[in-house]
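Enquirer: Got a structure for you, written out below as structure tokens; questions coming shortly.
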Amino acid sequence: MRYVILIILTPITAFFSFLGGVVVAMELGLSLHNNYEYFLRYDVGAASSIFGMILYFGGAFVGALAPWLTYHLAKRFGSRKP
């Protein structure tokens with residue numbers, strides 16, 4: 001049953017982490033360049049495109065791993081008896 005819950009939570013946390021990456025990119029574009037779409041456009045150079053990919057897909061990757069890491073860390077460190 002725990003693995004079923006983990007499999008259901010994986011796409012949900014990945015989606016919210018992807019959304020978090022979009023929000024971070026918008027906030028950084030707004031604060032650094034006074035344009036919230038600065039890092040969402042692809043015509044501003046390779047550095048911005050690479051930065052955007054790291055934010056979006058890195059956030060989604062971490063979000064996909066979050067339920068599995070939480071489960072295994074809780075299983076490993078949570079069962080210690082005093």
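Just remember, in the structure tokens the first chain shown is A, the second B, etc., residues are 1-based per chain, and ligands are 1-based in the order shown.
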Based on DSSP run over this structure's backbone, return all residues of chain A in helix (DSSP H, G or I), as number ranges by chain.

Expert: A: 2-33, 46-77

Enquirer: Taking into account only C-alpha atoms, which residue in the set A:Leu40, A:Leu19, A:Leu73, A:Leu32 is nearest to Phe57 in chain A?

Expert: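 Once distances to Phe57 in chain A are computed over only C-alpha atoms, the minimum belongs to A:Leu19.
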
Enquirer: Using only C-alpha atoms, which residue out of A:Gly52, A:Pro67, A:Gly59, A:Pro11 lies closest to Met26 in chain A?

Expert: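 Closest residue, counting only C-alpha atoms: A:Gly52.
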
Enquirer: Figure out the distance between CA of Gly20 in chain A and CA of Tyr38 in chain A, please, to one decimal in Å.

Expert: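 Those two atoms sit 16.3 Å apart.
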
Enquirer: When you look at Tyr71 in chain A with a cut-off of 10 Å (counting only C-alpha atoms), what residues show up, excluding the ones that are within fewer than 4 positions of it in the same chain? I need them as a list in words.

Expert: Arg2, Tyr3, Leu6, Ala66, Pro67, Lys75, Arg76 and Gly78 of chain A

Enquirer: What does the structure give for the distance between CA of Trp68 in chain A and CA of Val23 in chain A, in Å to one decimal?

Expert: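 Calculated distance between CA of Trp68 in chain A and CA of Val23 in chain A is 24.2 Å.
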
Enquirer: Which residues come within 10 Å of Leu55 in chain A, counting only C-alpha atoms, excluding same-chain residues fewer than 5 positions away, as a list of chain:residue names?

Expert: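 The neighbour list is A:Ser17, A:Phe18, A:Leu19, A:Gly20, A:Gly21, A:Val22, A:Val23, A:Val24, A:Ala25, A:Phe39, A:Ser49, A:Ile50, A:Ala60, A:Phe61.
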
Enquirer: Restricted to N, CA, C and O atoms, what would the selected residues look like written as a JSON list (two decimals), in the first residue's frame?

Expert:
```
[["chain", "number", "residue", "atom", "x", "y", "z"],
["A", 17, "SER", "N", 6.69, 20.89, -8.14],
["A", 17, "SER", "CA", 8.07, 21.36, -8.22],
["A", 17, "SER", "C", 8.33, 22.05, -9.54],
["A", 17, "SER", "O", 9.06, 23.05, -9.61],
["A", 18, "PHE", "N", 7.75, 21.55, -10.63],
["A", 18, "PHE", "CA", 7.85, 22.22, -11.92],
["A", 18, "PHE", "C", 7.22, 23.61, -11.83],
["A", 18, "PHE", "O", 7.79, 24.58, -12.32],
["A", 19, "LEU", "N", 6.06, 23.70, -11.19],
["A", 19, "LEU", "CA", 5.42, 24.99, -11.00],
["A", 19, "LEU", "C", 6.29, 25.90, -10.14],
["A", 19, "LEU", "O", 6.37, 27.11, -10.40],
["A", 20, "GLY", "N", 6.95, 25.34, -9.14],
["A", 20, "GLY", "CA", 7.86, 26.13, -8.31],
["A", 20, "GLY", "C", 9.03, 26.67, -9.12],
["A", 20, "GLY", "O", 9.46, 27.80, -8.92],
["A", 21, "GLY", "N", 9.54, 25.87, -10.06],
["A", 21, "GLY", "CA", 10.60, 26.34, -10.93],
["A", 21, "GLY", "C", 10.15, 27.50, -11.80],
["A", 21, "GLY", "O", 10.88, 28.46, -12.03],
["A", 22, "VAL", "N", 8.91, 27.42, -12.30],
["A", 22, "VAL", "CA", 8.37, 28.52, -13.11],
["A", 22, "VAL", "C", 8.23, 29.78, -12.26],
["A", 22, "VAL", "O", 8.58, 30.88, -12.70],
["A", 23, "VAL", "N", 7.75, 29.64, -11.04],
["A", 23, "VAL", "CA", 7.59, 30.80, -10.16],
["A", 23, "VAL", "C", 8.94, 31.42, -9.82],
["A", 23, "VAL", "O", 9.10, 32.65, -9.84],
["A", 24, "VAL", "N", 9.94, 30.58, -9.55],
["A", 24, "VAL", "CA", 11.29, 31.09, -9.26],
["A", 24, "VAL", "C", 11.85, 31.82, -10.47],
["A", 24, "VAL", "O", 12.43, 32.91, -10.35],
["A", 25, "ALA", "N", 11.66, 31.28, -11.67],
["A", 25, "ALA", "CA", 12.15, 31.94, -12.88],
["A", 25, "ALA", "C", 11.45, 33.27, -13.09],
["A", 25, "ALA", "O", 12.09, 34.27, -13.47],
["A", 39, "PHE", "N", 13.27, 35.05, -18.24],
["A", 39, "PHE", "CA", 13.82, 33.70, -18.29],
["A", 39, "PHE", "C", 12.86, 32.70, -18.94],
["A", 39, "PHE", "O", 13.20, 31.54, -19.09],
["A", 49, "SER", "N", 18.60, 30.19, -21.37],
["A", 49, "SER", "CA", 17.93, 28.93, -21.70],
["A", 49, "SER", "C", 18.41, 27.80, -20.80],
["A", 49, "SER", "O", 17.62, 26.99, -20.31],
["A", 50, "ILE", "N", 19.71, 27.75, -20.56],
["A", 50, "ILE", "CA", 20.26, 26.71, -19.68],
["A", 50, "ILE", "C", 19.78, 26.92, -18.25],
["A", 50, "ILE", "O", 19.40, 25.97, -17.57],
["A", 60, "ALA", "N", 11.40, 19.60, -11.35],
["A", 60, "ALA", "CA", 10.53, 18.44, -11.59],
["A", 60, "ALA", "C", 11.23, 17.15, -11.18],
["A", 60, "ALA", "O", 10.60, 16.24, -10.63],
["A", 61, "PHE", "N", 12.53, 17.05, -11.42],
["A", 61, "PHE", "CA", 13.28, 15.85, -11.03],
["A", 61, "PHE", "C", 13.32, 15.70, -9.52],
["A", 61, "PHE", "O", 13.10, 14.61, -8.98]]
```

Enquirer: Work out how far apart CA of Ala14 in chain A and CA of Leu69 in chain A are and give it in Å to one decimal.

Expert: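 Atom-to-atom, CA of Ala14 in chain A to CA of Leu69 in chain A, that is 13.2 Å.
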